[in-house]
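Next comes data-v4.csv, with CSV, C-alpha atoms and all ligand atoms.
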```
chain,number,residue,atom,x,y,z
A,28,MET,CA,-26.6,39.2,-15.2
A,29,THR,CA,-26.1,38.5,-11.4
A,30,GLU,CA,-24.3,40.9,-9.2
A,31,ALA,CA,-21.0,39.7,-7.8
A,32,ILE,CA,-20.7,39.7,-4.0
A,33,ILE,CA,-17.0,39.1,-4.1
A,34,LYS,CA,-15.0,39.8,-7.3
A,35,ALA,CA,-12.3,37.3,-8.2
A,36,ASP,CA,-9.7,40.0,-8.0
A,37,GLU,CA,-10.7,41.0,-4.5
A,38,ALA,CA,-10.9,37.4,-3.5
A,39,GLY,CA,-7.3,37.1,-4.8
A,40,GLU,CA,-5.9,37.8,-1.4
A,41,ASN,CA,-8.0,35.0,-0.1
A,42,THR,CA,-6.7,31.8,-1.5
A,43,ILE,CA,-6.6,28.3,-0.1
A,44,LEU,CA,-4.0,25.7,-1.0
A,45,VAL,CA,-5.2,22.1,-0.8
A,46,GLN,CA,-2.1,19.8,-0.8
A,47,LYS,CA,-3.8,16.6,-1.8
A,48,SER,CA,-6.0,15.0,-4.4
A,49,LEU,CA,-9.8,15.1,-3.9
A,50,ARG,CA,-11.4,11.7,-4.2
A,51,SER,CA,-15.0,10.9,-5.0
A,52,GLY,CA,-17.3,12.3,-2.3
A,53,GLN,CA,-14.8,14.9,-1.1
A,54,THR,CA,-15.6,18.6,-1.4
A,55,VAL,CA,-13.9,21.9,-1.0
A,56,GLU,CA,-16.0,25.1,-0.5
A,57,PHE,CA,-14.2,28.4,-0.1
A,58,PRO,CA,-15.3,32.0,-0.7
A,59,GLY,CA,-11.9,32.9,-2.3
A,60,ASN,CA,-9.7,31.1,-4.8
A,61,VAL,CA,-8.9,27.4,-4.6
A,62,VAL,CA,-5.6,25.8,-5.7
A,63,ILE,CA,-5.4,22.0,-5.6
A,64,LEU,CA,-2.0,20.3,-5.7
A,65,GLY,CA,-3.3,17.0,-7.0
A,66,ASP,CA,-6.2,15.6,-9.0
A,67,VAL,CA,-9.9,16.2,-8.6
A,68,ASN,CA,-11.4,12.8,-9.3
A,69,PRO,CA,-14.9,12.1,-10.7
A,70,GLY,CA,-17.4,12.5,-7.9
A,71,ALA,CA,-15.4,15.2,-6.1
A,72,GLU,CA,-16.5,18.8,-6.0
A,73,ILE,CA,-15.1,22.3,-5.6
A,74,ILE,CA,-17.1,25.4,-5.0
A,75,ALA,CA,-15.1,28.6,-5.0
A,76,GLY,CA,-16.0,32.3,-4.9
A,77,GLY,CA,-13.0,33.1,-7.0
A,78,HIS,CA,-10.7,31.2,-9.4
A,79,ILE,CA,-10.0,27.5,-9.3
A,80,VAL,CA,-6.6,26.1,-10.3
A,81,VAL,CA,-5.9,22.4,-10.4
A,82,MET,CA,-2.3,21.3,-10.6
A,83,GLY,CA,-3.3,17.9,-11.9
A,84,ALA,CA,-6.2,16.2,-13.6
A,85,LEU,CA,-9.6,17.9,-13.1
A,86,ARG,CA,-12.3,15.2,-13.6
A,87,GLY,CA,-14.9,16.2,-11.0
A,88,VAL,CA,-17.4,19.0,-10.8
A,89,VAL,CA,-16.2,22.6,-10.2
A,90,HIS,CA,-17.9,25.9,-9.7
A,91,ALA,CA,-15.8,29.0,-9.9
A,92,GLY,CA,-17.2,32.5,-9.2
A,93,ALA,CA,-20.0,30.7,-7.2
A,94,LEU,CA,-21.0,34.0,-5.6
A,95,GLY,CA,-21.7,35.5,-9.0
A,96,ASP,CA,-18.3,36.6,-10.3
A,97,GLU,CA,-18.3,36.1,-14.1
A,98,THR,CA,-14.6,37.0,-14.4
A,99,ALA,CA,-13.6,33.8,-12.4
A,100,THR,CA,-11.6,31.2,-14.3
A,101,ILE,CA,-10.9,27.5,-14.0
A,102,THR,CA,-7.4,26.2,-14.9
A,103,ALA,CA,-6.1,22.7,-14.9
A,104,PHE,CA,-3.2,20.7,-16.2
A,105,GLN,CA,-5.6,18.2,-17.6
A,106,LEU,CA,-9.1,19.7,-18.0
A,107,GLU,CA,-11.6,16.7,-18.3
A,108,PRO,CA,-14.4,17.8,-15.9
A,109,THR,CA,-17.7,16.1,-15.4
A,110,GLN,CA,-19.2,19.6,-15.3
A,111,LEU,CA,-17.9,23.2,-15.2
A,112,ARG,CA,-19.7,26.1,-13.7
A,113,ILE,CA,-18.7,29.7,-13.7
A,114,ALA,CA,-21.0,32.1,-11.9
A,115,THR,CA,-24.5,31.1,-13.3
A,116,HIS,CA,-23.2,29.4,-16.4
A,117,ILE,CA,-23.0,25.6,-16.6
A,118,THR,CA,-21.2,23.5,-19.2
A,119,ARG,CA,-20.5,19.8,-19.3
A,120,SER,CA,-18.1,17.6,-21.2
A,121,PRO,CA,-19.4,16.2,-24.4
A,122,ASP,CA,-21.0,12.7,-23.9
A,123,GLY,CA,-18.8,9.7,-24.8
A,124,THR,CA,-15.5,11.4,-25.3
A,125,ASP,CA,-12.3,9.8,-24.1
A,126,ALA,CA,-9.3,11.5,-22.7
A,127,PRO,CA,-7.3,13.3,-25.3
A,128,ASP,CA,-4.0,11.9,-26.3
A,129,ILE,CA,-2.1,15.1,-25.9
A,130,ILE,CA,-2.3,16.7,-22.5
A,131,HIS,CA,-1.7,20.4,-22.0
A,132,PRO,CA,-3.0,22.9,-19.4
A,133,GLU,CA,-6.3,24.5,-20.3
A,134,ILE,CA,-8.3,27.4,-19.0
A,135,ALA,CA,-12.1,27.9,-18.9
A,136,MET,CA,-13.7,31.3,-18.7
A,137,ILE,CA,-16.8,33.2,-19.7
A,138,ARG,CA,-16.5,35.1,-23.0
A,139,ASN,CA,-19.5,36.9,-24.5
A,140,GLY,CA,-21.8,35.1,-22.2
A,141,VAL,CA,-20.6,31.5,-22.8
A,142,VAL,CA,-18.1,29.3,-21.2
A,143,VAL,CA,-15.1,28.8,-23.5
A,144,ILE,CA,-12.1,26.5,-23.0
A,145,GLU,CA,-8.7,27.4,-24.3
A,146,LYS,CA,-5.2,26.2,-24.2
A,147,TYR,CA,-3.6,28.0,-21.3
A,148,VAL,CA,-1.0,30.5,-22.3
A,149,VAL,CA,1.1,32.3,-19.7
A,150,PRO,CA,-0.2,35.9,-19.5
A,151,LYS,CA,2.6,38.3,-20.5
B,1,MET,CA,1.5,-9.8,17.2
B,2,GLY,CA,-0.5,-10.3,14.0
B,3,GLU,CA,-1.9,-8.0,11.4
B,4,VAL,CA,-5.5,-7.0,10.8
B,5,LEU,CA,-6.5,-6.6,7.2
B,6,VAL,CA,-10.0,-5.3,6.2
B,7,ILE,CA,-11.3,-6.1,2.8
B,8,THR,CA,-13.7,-3.4,1.5
B,9,SER,CA,-15.1,-1.9,-1.6
B,10,GLY,CA,-18.1,0.5,-1.2
B,11,LYS,CA,-20.0,-1.2,-4.0
B,12,GLY,CA,-21.6,-4.6,-3.3
B,13,GLY,CA,-21.0,-7.7,-5.4
B,14,VAL,CA,-17.5,-6.8,-6.6
B,15,GLY,CA,-15.8,-9.7,-4.8
B,16,LYS,CA,-15.0,-8.8,-1.1
B,17,THR,CA,-16.2,-12.1,0.3
B,18,THR,CA,-14.6,-14.0,-2.5
B,19,SER,CA,-11.3,-12.2,-1.9
B,20,THR,CA,-11.5,-12.7,1.9
B,21,ALA,CA,-12.1,-16.4,1.5
B,22,ASN,CA,-9.3,-16.8,-1.1
B,23,ILE,CA,-6.7,-14.6,0.7
B,24,GLY,CA,-7.5,-16.2,4.1
B,25,THR,CA,-7.2,-19.7,2.6
B,26,GLY,CA,-4.1,-18.7,0.6
B,27,LEU,CA,-2.4,-17.4,3.8
B,28,ALA,CA,-3.3,-20.6,5.6
B,29,MET,CA,-1.8,-22.6,2.7
B,30,LEU,CA,1.4,-20.7,3.4
B,31,GLY,CA,1.3,-22.0,7.0
B,32,LYS,CA,0.1,-18.8,8.6
B,33,GLN,CA,-2.3,-18.7,11.5
B,34,VAL,CA,-5.4,-17.1,10.0
B,35,VAL,CA,-8.8,-16.0,11.2
B,36,MET,CA,-11.5,-14.5,9.0
B,37,VAL,CA,-14.2,-12.3,10.5
B,38,ASP,CA,-17.5,-11.9,8.7
B,39,THR,CA,-18.9,-8.4,9.6
B,40,ASP,CA,-21.7,-8.5,7.1
B,41,ILE,CA,-24.4,-9.0,9.7
B,42,GLY,CA,-27.7,-10.0,8.2
B,43,LEU,CA,-26.2,-10.9,4.9
B,44,ARG,CA,-23.5,-13.3,6.0
B,45,ASN,CA,-22.0,-15.6,3.4
B,46,LEU,CA,-18.4,-16.0,4.1
B,47,ASP,CA,-19.3,-19.3,5.9
B,48,VAL,CA,-21.0,-20.5,2.8
B,49,VAL,CA,-18.1,-19.7,0.5
B,50,LEU,CA,-15.8,-21.5,2.9
B,51,GLY,CA,-18.3,-24.4,3.2
B,52,LEU,CA,-18.6,-24.0,7.0
B,53,GLU,CA,-22.2,-23.0,7.3
B,54,ASN,CA,-23.4,-26.2,9.0
B,55,ARG,CA,-20.9,-25.8,11.8
B,56,ILE,CA,-22.1,-22.4,13.1
B,57,VAL,CA,-23.3,-22.4,16.7
B,58,TYR,CA,-22.3,-18.9,18.0
B,59,ASP,CA,-21.5,-15.8,16.0
B,60,ILE,CA,-20.0,-12.3,16.3
B,61,VAL,CA,-23.0,-10.8,18.0
B,62,ASP,CA,-23.0,-13.6,20.6
B,63,VAL,CA,-19.3,-12.8,21.3
B,64,VAL,CA,-19.9,-9.0,21.8
B,65,ARG,CA,-22.9,-9.6,23.9
B,66,GLY,CA,-21.0,-12.1,26.1
B,67,ASN,CA,-23.3,-15.0,25.3
B,68,CYS,CA,-20.2,-17.1,24.6
B,69,ARG,CA,-16.4,-16.8,24.8
B,70,LEU,CA,-14.5,-15.8,21.7
B,71,LYS,CA,-12.9,-19.2,21.4
B,72,GLN,CA,-16.3,-20.9,21.4
B,73,ALA,CA,-17.4,-18.9,18.4
B,74,LEU,CA,-14.4,-19.6,16.2
B,75,ILE,CA,-15.0,-22.4,13.7
B,76,LYS,CA,-12.0,-24.4,12.6
B,77,ASP,CA,-11.7,-25.0,8.8
B,78,LYS,CA,-12.3,-28.4,7.3
B,79,ARG,CA,-8.9,-28.7,5.6
B,80,PHE,CA,-6.6,-26.3,7.3
B,81,GLU,CA,-5.9,-26.7,11.0
B,82,ASN,CA,-4.5,-23.2,11.2
B,83,MET,CA,-7.5,-21.4,9.7
B,84,PHE,CA,-10.7,-20.2,11.6
B,85,LEU,CA,-13.8,-18.3,10.9
B,86,LEU,CA,-15.8,-15.9,13.2
B,87,PRO,CA,-19.2,-15.9,11.5
B,88,ALA,CA,-21.6,-13.0,11.2
B,89,ALA,CA,-25.0,-13.2,12.7
B,90,GLN,CA,-27.8,-13.8,10.3
B,91,THR,CA,-30.8,-12.7,12.3
B,92,LYS,CA,-29.7,-10.6,15.2
B,93,ASP,CA,-29.7,-6.8,15.5
B,94,LYS,CA,-26.7,-5.4,13.7
B,95,THR,CA,-26.5,-2.3,15.8
B,96,SER,CA,-25.4,-4.4,18.8
B,97,VAL,CA,-21.9,-4.4,17.4
B,98,THR,CA,-20.0,-1.1,17.9
B,99,GLU,CA,-16.6,0.2,16.8
B,100,GLU,CA,-15.3,-0.2,20.3
B,101,HIS,CA,-16.3,-3.9,20.2
B,102,MET,CA,-14.5,-4.4,16.9
B,103,LYS,CA,-11.3,-2.7,18.2
B,104,ALA,CA,-11.3,-5.0,21.3
B,105,LEU,CA,-12.0,-8.0,19.2
B,106,ALA,CA,-9.2,-7.2,16.7
B,107,GLU,CA,-6.8,-6.8,19.6
B,108,GLN,CA,-7.8,-10.2,21.1
B,109,LEU,CA,-7.5,-11.9,17.7
B,110,LYS,CA,-4.2,-10.5,16.6
B,111,ALA,CA,-2.6,-11.7,19.8
B,112,GLU,CA,-3.3,-15.2,18.7
B,113,PHE,CA,-3.2,-15.1,14.9
B,114,ASP,CA,-0.7,-14.0,12.2
B,115,TYR,CA,-3.5,-12.6,10.1
B,116,VAL,CA,-7.0,-11.4,10.9
B,117,ILE,CA,-9.0,-10.8,7.7
B,118,ILE,CA,-12.2,-8.8,8.0
B,119,ASP,CA,-14.9,-9.2,5.4
B,120,CYS,CA,-16.7,-5.8,5.1
B,121,PRO,CA,-20.3,-5.2,4.2
B,122,ALA,CA,-21.2,-3.0,1.2
B,123,GLY,CA,-21.9,0.7,1.9
B,124,ILE,CA,-20.2,3.4,3.9
B,125,GLU,CA,-22.5,3.3,7.0
B,126,HIS,CA,-22.4,1.6,10.4
B,127,GLY,CA,-21.2,-1.8,9.1
B,128,PHE,CA,-18.3,-0.3,7.2
B,129,LYS,CA,-17.2,1.8,10.1
B,130,ASN,CA,-17.3,-1.2,12.4
B,131,ALA,CA,-15.3,-3.3,9.9
B,132,ILE,CA,-12.5,-0.8,9.6
B,133,ALA,CA,-12.4,0.1,13.3
B,134,GLY,CA,-9.8,-2.4,14.4
B,135,ALA,CA,-7.9,-2.7,11.1
B,136,ASP,CA,-4.2,-2.1,10.6
B,137,HIS,CA,-4.3,-2.1,6.8
B,138,ALA,CA,-7.0,-2.0,4.1
B,139,ILE,CA,-7.5,-3.8,0.8
B,140,VAL,CA,-9.9,-2.3,-1.6
B,141,VAL,CA,-11.6,-4.5,-4.2
B,142,THR,CA,-13.0,-3.1,-7.4
B,143,THR,CA,-14.2,-4.4,-10.8
B,144,PRO,CA,-13.3,-2.6,-14.0
B,145,GLU,CA,-16.5,-0.6,-14.1
B,146,VAL,CA,-16.8,3.1,-13.8
B,147,SER,CA,-19.3,2.9,-10.9
B,148,ALA,CA,-17.2,0.4,-8.9
B,149,VAL,CA,-14.1,2.5,-9.4
B,150,ARG,CA,-16.0,5.6,-8.3
B,151,ASP,CA,-17.0,3.8,-5.1
B,152,ALA,CA,-13.5,2.5,-4.6
B,153,ASP,CA,-12.2,6.1,-4.8
B,154,ARG,CA,-14.8,7.2,-2.2
B,155,ILE,CA,-13.8,4.4,0.1
B,156,ILE,CA,-10.1,5.1,-0.3
B,157,GLY,CA,-10.8,8.7,0.7
B,158,LEU,CA,-12.8,7.6,3.8
B,159,LEU,CA,-10.1,5.1,4.8
B,160,GLU,CA,-7.4,7.8,4.6
B,161,ALA,CA,-9.6,10.1,6.6
B,162,SER,CA,-9.8,7.4,9.3
B,163,GLY,CA,-6.1,6.9,9.4
B,164,LEU,CA,-5.9,3.8,7.2
B,165,GLU,CA,-3.2,5.2,4.9
B,166,SER,CA,-2.1,3.7,1.6
B,167,PRO,CA,-4.7,1.0,1.1
B,168,LYS,CA,-3.9,-1.7,-1.5
B,169,LEU,CA,-6.0,-2.4,-4.6
B,170,ILE,CA,-7.4,-5.6,-6.0
B,171,ILE,CA,-8.9,-5.4,-9.5
B,172,ASN,CA,-11.4,-8.3,-9.8
B,173,ARG,CA,-13.2,-9.8,-12.7
B,174,ILE,CA,-11.0,-8.5,-15.5
B,175,ARG,CA,-12.0,-9.8,-18.9
B,176,THR,CA,-9.1,-9.3,-21.2
B,177,LYS,CA,-11.1,-9.5,-24.3
B,178,MET,CA,-13.5,-6.8,-23.2
B,179,VAL,CA,-10.7,-4.5,-22.1
B,180,GLN,CA,-9.0,-5.0,-25.4
B,181,ALA,CA,-12.2,-4.1,-27.2
B,182,GLY,CA,-12.4,-0.9,-25.1
B,183,ASP,CA,-15.6,-2.1,-23.4
B,184,MET,CA,-14.1,-2.2,-19.9
B,185,MET,CA,-11.8,0.1,-18.1
B,186,ALA,CA,-8.1,-0.6,-18.6
B,187,VAL,CA,-5.9,-1.2,-15.5
B,188,ASP,CA,-3.8,1.9,-16.3
B,189,ASP,CA,-6.9,4.1,-16.4
B,190,MET,CA,-8.1,2.8,-13.0
B,191,MET,CA,-4.7,3.2,-11.4
B,192,GLU,CA,-4.4,6.7,-12.7
B,193,ILE,CA,-7.6,7.7,-10.9
B,194,LEU,CA,-7.2,5.7,-7.7
B,195,ALA,CA,-3.4,6.3,-7.3
B,196,VAL,CA,-2.8,3.5,-4.8
B,197,ASP,CA,-0.6,0.4,-4.9
B,198,LEU,CA,-1.9,-2.5,-6.9
B,199,LEU,CA,-2.0,-5.8,-4.9
B,200,GLY,CA,-3.2,-7.9,-7.8
B,201,ILE,CA,-5.5,-8.5,-10.7
B,202,VAL,CA,-8.0,-11.4,-10.7
B,203,PRO,CA,-9.5,-12.6,-13.9
B,204,ASP,CA,-13.2,-13.2,-14.4
B,205,ASP,CA,-13.3,-16.9,-14.1
B,206,ASP,CA,-16.0,-19.6,-13.9
B,207,THR,CA,-13.9,-21.6,-11.4
B,208,ILE,CA,-14.7,-18.9,-8.8
B,209,VAL,CA,-18.4,-19.6,-9.2
B,210,ILE,CA,-17.9,-23.3,-9.2
B,211,SER,CA,-15.6,-23.3,-6.2
B,212,THR,CA,-17.9,-20.8,-4.3
B,213,ASN,CA,-20.8,-23.2,-4.8
B,214,ARG,CA,-18.7,-26.1,-3.6
B,215,GLY,CA,-17.5,-24.2,-0.5
B,216,GLU,CA,-13.8,-24.6,-1.6
B,217,PRO,CA,-12.0,-21.4,-2.4
B,218,ALA,CA,-10.4,-21.4,-5.9
B,219,VAL,CA,-7.0,-20.6,-4.4
B,220,THR,CA,-6.8,-24.3,-3.5
B,221,ASP,CA,-7.4,-25.3,-7.1
B,222,GLU,CA,-4.0,-25.6,-9.0
B,223,ASP,CA,-5.7,-25.3,-12.4
B,224,SER,CA,-7.7,-22.2,-11.6
B,225,LYS,CA,-6.5,-18.9,-13.1
B,226,ALA,CA,-8.3,-16.9,-10.5
B,227,GLY,CA,-6.8,-19.2,-7.9
B,228,GLN,CA,-3.3,-18.5,-9.3
B,229,ALA,CA,-4.1,-14.7,-9.0
B,230,TYR,CA,-5.0,-15.2,-5.4
B,231,ARG,CA,-1.9,-17.3,-4.7
B,232,ASN,CA,0.1,-14.4,-6.0
B,233,ILE,CA,-1.8,-11.9,-4.0
B,234,THR,CA,-1.2,-13.8,-0.7
B,235,ARG,CA,2.5,-14.1,-1.4
B,236,ARG,CA,2.6,-10.3,-2.0
B,237,ILE,CA,0.8,-9.8,1.3
B,238,ILE,CA,3.5,-11.7,3.2
B,239,GLY,CA,6.1,-9.5,1.5
B,240,GLU,CA,7.3,-11.5,-1.5
B,241,GLU,CA,7.8,-9.8,-4.9
B,242,VAL,CA,5.6,-11.5,-7.4
B,243,PRO,CA,5.3,-10.2,-10.9
B,244,LEU,CA,1.8,-9.5,-12.3
B,245,MET,CA,0.2,-12.3,-14.3
B,246,SER,CA,0.6,-12.3,-18.0
B,247,LEU,CA,-3.0,-11.4,-18.7
B,248,GLU,CA,-2.2,-8.0,-17.3
B,249,GLU,CA,1.1,-7.5,-19.3
B,250,LYS,CA,-0.6,-8.4,-22.6
B,251,GLN,CA,-3.3,-5.9,-21.9
B,252,GLY,CA,-0.9,-3.1,-21.1
B,253,PHE,CA,1.0,-3.8,-24.2
B,254,LEU,CA,-2.1,-3.7,-26.4
B,255,ASP,CA,-3.1,-0.5,-24.8
B,256,LYS,CA,0.1,1.1,-25.7
B,257,LEU,CA,-0.3,0.0,-29.3
B,258,LYS,CA,-3.7,1.5,-29.3
B,259,THR,CA,-2.5,4.8,-28.0
B,260,LEU,CA,0.3,4.8,-30.7
B,261,PHE,CA,-2.4,4.5,-33.3
B,262,GLY,CA,-4.5,7.1,-31.6
B,263,SER,CA,-7.6,4.9,-31.4
B,264,LYS,CA,-8.2,5.0,-27.7
C,1,LIG,N1,-13.2,-13.3,-10.3
C,1,LIG,C1,-14.4,-13.7,-10.4
C,1,LIG,N2,-14.9,-14.4,-11.5
C,1,LIG,C2,-16.2,-14.8,-11.5
C,1,LIG,N3,-17.1,-14.6,-10.6
C,1,LIG,C3,-16.7,-13.8,-9.5
C,1,LIG,C4,-15.4,-13.4,-9.4
C,1,LIG,N4,-15.3,-12.7,-8.2
C,1,LIG,C5,-16.6,-12.7,-7.6
C,1,LIG,N5,-17.4,-13.4,-8.4
C,1,LIG,C6,-18.8,-13.7,-8.2
C,1,LIG,O1,-19.5,-12.4,-7.9
C,1,LIG,C7,-20.5,-12.5,-6.9
C,1,LIG,C8,-20.3,-11.5,-5.8
C,1,LIG,O2,-19.0,-11.8,-5.2
C,1,LIG,P1,-18.8,-11.6,-3.6
C,1,LIG,O3,-17.5,-12.0,-3.3
C,1,LIG,O4,-20.0,-12.2,-2.8
C,1,LIG,O5,-19.0,-10.0,-3.5
C,1,LIG,P2,-19.1,-9.0,-2.3
C,1,LIG,O6,-18.7,-9.7,-1.1
C,1,LIG,O7,-18.2,-7.8,-2.6
C,1,LIG,O8,-20.6,-8.6,-2.3
C,1,LIG,C9,-20.4,-14.0,-6.4
C,1,LIG,O9,-21.4,-14.7,-7.0
C,1,LIG,C10,-19.1,-14.5,-6.9
C,1,LIG,O10,-19.1,-15.9,-7.1
C,2,MG,MG,-19.9,-10.0,0.8
```

Could you spell out this file's structure in structure tokens?
Amino acid sequence: MTEAIIKADEAGENTILVQKSLRSGQTVEFPGNVVILGDVNPGAEIIAGGHIVVMGALRGVVHAGALGDETATITAFQLEPTQLRIATHITRSPDGTDAPDIIHPEIAMIRNGVVVIEKYVVPK
Amino acid sequence: MGEVLVITSGKGGVGKTTSTANIGTGLAMLGKQVVMVDTDIGLRNLDVVLGLENRIVYDIVDVVRGNCRLKQALIKDKRFENMFLLPAAQTKDKTSVTEEHMKALAEQLKAEFDYVIIDCPAGIEHGFKNAIAGADHAIVVTTPEVSAVRDADRIIGLLEASGLESPKLIINRIRTKMVQAGDMMAVDDMMEILAVDLLGIVPDDDTIVISTNRGEPAVTDEDSKAGQAYRNITRRIIGEEVPLMSLEEKQGFLDKLKTLFGSK
């Protein structure tokens, strides 16, 4: 287990809002949370110390909790990443799968030491 | 005052030079004053595609170095009085052309011509930056392949970053049968990622290869499907509303059917 330098909750006060889609070759690196109002295309990359929220299709590579925070999450309207990383955990989309027919927001997080992806439900 | 259009793609071999030759010729057929500029120094071939190779005396490097006047380097087309080519150099050092040179050149040319069409080299380095330096608008060419679309996306990002907003897209070498079989990217899927306006779709067509070898762009061939696609594209460039060719409609329709049956 790595030690978090910044915890997602602390970084919560430190959030950047990116008001455009990220195209291939474009990157966002930020020690806090990152919110994208747009898509993250294949070949684009986000590295965040905290959470990542994509208000669009996430198809690139994203790393949440990049400073070691295992409580960081990745949420997207359409979660089809090339690769997801949370803290030191890495997961990739299964090979050869097409986009699903039904699109709904999903969230990725670490549970019991593995990255799990679930339908996003509004916390009550 | 004319307009400077740069034709670019990132990935090589997707049809930039083919598109430049056909769009330039297509615009000339509509009576516009057109000049095409080949900026692919060291790998020039726009002159070959246009069948003008044997007329080259001076080239773009001679112009920027002051070896000749701009007018002396412009080659008049064989068929169209109103169409010219400024050829690239084949052998000279490509670093001799700078972004400043290209801006000045674009200004000079658009004072005389309705359309200045710039054929861009592959890549995102020096040659690409030169090619876009004097452009007013950009046209991005891609083929229906994942790698080409990825590079197109990259290029669109770079164009936007250099102030060339809302580039237009040409999808080249569509093979309807392969798209229907799911072996090629569908137009909708490409548009979803690239999120720019579609200028046209050009089928994969042997008449392109034949016409290229003959030095007569397919756009002049009434019977060529790809030629028809380029005639449509040129009319869209001058501001006419031209519906997409049927090959595209059919494909969209089948795609929808496939999604209905969940076999995407
Ligand atoms: N629509 C098409 N159908 C068939 N062949 C094509 C088509 N477009 C381009 N080609 C061929 O593909 C090759 C590369 O095209 P070119 O225009 O030189 O690409 P670029 O300038 O982007 O490197 C050429 O041999 C050309 O004849
Ligand atoms: Mg070329």

Closest contacts (chain B/chain A, max 7 Å, all atoms listed in the file) as JSON lines:
```
{"residue": "B:Arg150", "atom": "CA", "partner": "A:Ser51", "partner_atom": "CA", "distance": 6.3}
{"residue": "B:Asp153", "atom": "CA", "partner": "A:Ser51", "partner_atom": "CA", "distance": 5.6}
{"residue": "B:Arg154", "atom": "CA", "partner": "A:Ser51", "partner_atom": "CA", "distance": 4.6}
{"residue": "B:Gly157", "atom": "CA", "partner": "A:Arg50", "partner_atom": "CA", "distance": 5.8}
{"residue": "B:Ile193", "atom": "CA", "partner": "A:Asn68", "partner_atom": "CA", "distance": 6.6}
```

Could you give me, as a ChimeraX atom specification, the residues within 9 Å of range 17-23 of chain B, counting all atoms listed in the file and dropping anything in the same chain fewer than 2 positions from it?
-> /B:6-7,13-15,25-28,36,38,45-47,49-50,117-121,141,170,172,208,212,216-220,227,230-231,233-234,237

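The gap separating CA of Met29 in chain B from CA of Ile210 in chain B is 20.0 Å, in Å to one decimal.
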
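Between Phe128 in chain B and the residues B:Leu194, B:Ala111, B:Ile41, B:Ile171, the shortest atom-to-atom distance, using all atoms listed in the file, involves B:Ile41.
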
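Reported to one decimal place, the separation of CA of Phe84 in chain B from CA of Tyr115 in chain B is 10.6 Å.
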
Neighbours of range 134-140 of chain A within 9 Å (all atoms listed in the file; same-chain residues fewer than 2 positions away dropped), as a PyMOL selection string?
-> chain A and resi 80+97-104+106+111+113-114+116+132+142-148

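Remark: for Arg119 in chain A, the closest of the candidate residues A:Val88, A:Val141, A:Ile63, A:Ala93 is A:Val88 (distances computed over only C-alpha atoms).
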
Work out how far apart CA of Ile73 in chain A and CA of Gly127 in chain B are and give it in Å to one decimal.
-> 28.9 Å

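For the set B:Ile238, B:Val146, B:Leu43, B:Ile60, the residue with the smallest atom-to-atom gap to ligand LIG 1 (chain C) is B:Leu43, counting all atoms listed in the file.
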
Quick one: everything within 12 Å of Ala75 in chain A, counting all atoms listed in the file, minus sequence neighbours fewer than 4 positions away in the same chain. Send it as number ranges by chain.
-> A: 33-35, 38-39, 41-43, 54-63, 79-80, 88-96, 99-101, 111-114

Output file for the selection above: C-alpha atoms, as a compact mmCIF listing (two decimals), keeping the file's coordinate frame:
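Output file out-v7.txt is given in full below:
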```
# COMPACT_ATOMS: atom_id res chain seq x y z
CA ILE A 33 -17.00 39.10 -4.10
CA LYS A 34 -15.00 39.80 -7.30
CA ALA A 35 -12.30 37.30 -8.20
CA ALA A 38 -10.90 37.40 -3.50
CA GLY A 39 -7.30 37.10 -4.80
CA ASN A 41 -8.00 35.00 -0.10
CA THR A 42 -6.70 31.80 -1.50
CA ILE A 43 -6.60 28.30 -0.10
CA THR A 54 -15.60 18.60 -1.40
CA VAL A 55 -13.90 21.90 -1.00
CA GLU A 56 -16.00 25.10 -0.50
CA PHE A 57 -14.20 28.40 -0.10
CA PRO A 58 -15.30 32.00 -0.70
CA GLY A 59 -11.90 32.90 -2.30
CA ASN A 60 -9.70 31.10 -4.80
CA VAL A 61 -8.90 27.40 -4.60
CA VAL A 62 -5.60 25.80 -5.70
CA ILE A 63 -5.40 22.00 -5.60
CA ILE A 79 -10.00 27.50 -9.30
CA VAL A 80 -6.60 26.10 -10.30
CA VAL A 88 -17.40 19.00 -10.80
CA VAL A 89 -16.20 22.60 -10.20
CA HIS A 90 -17.90 25.90 -9.70
CA ALA A 91 -15.80 29.00 -9.90
CA GLY A 92 -17.20 32.50 -9.20
CA ALA A 93 -20.00 30.70 -7.20
CA LEU A 94 -21.00 34.00 -5.60
CA GLY A 95 -21.70 35.50 -9.00
CA ASP A 96 -18.30 36.60 -10.30
CA ALA A 99 -13.60 33.80 -12.40
CA THR A 100 -11.60 31.20 -14.30
CA ILE A 101 -10.90 27.50 -14.00
CA LEU A 111 -17.90 23.20 -15.20
CA ARG A 112 -19.70 26.10 -13.70
CA ILE A 113 -18.70 29.70 -13.70
CA ALA A 114 -21.00 32.10 -11.90
```

Select, from B:Glu53, B:Glu99, B:Glu145, B:Asp40, the residue with the minimum atom-to-atom distance to ligand LIG 1 (chain C), counting only C-alpha atoms and all ligand atoms.
-> B:Asp40

Who sits within 6 Å of range 174-189 of chain B, only C-alpha atoms, same chain under 2 positions skipped, as a PDB file with C-alpha atoms, in the coordinates of the input:
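So around_36.pdb came out as:
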```pdb
ATOM      1  CA  PRO B 144     -13.300  -2.600 -14.000  1.00  0.00           C
ATOM      2  CA  ASN B 172     -11.400  -8.300  -9.800  1.00  0.00           C
ATOM      3  CA  MET B 191      -4.700   3.200 -11.400  1.00  0.00           C
ATOM      4  CA  GLU B 192      -4.400   6.700 -12.700  1.00  0.00           C
ATOM      5  CA  PRO B 203      -9.500 -12.600 -13.900  1.00  0.00           C
ATOM      6  CA  ASP B 204     -13.200 -13.200 -14.400  1.00  0.00           C
TER       7      ASP B 204
END
```
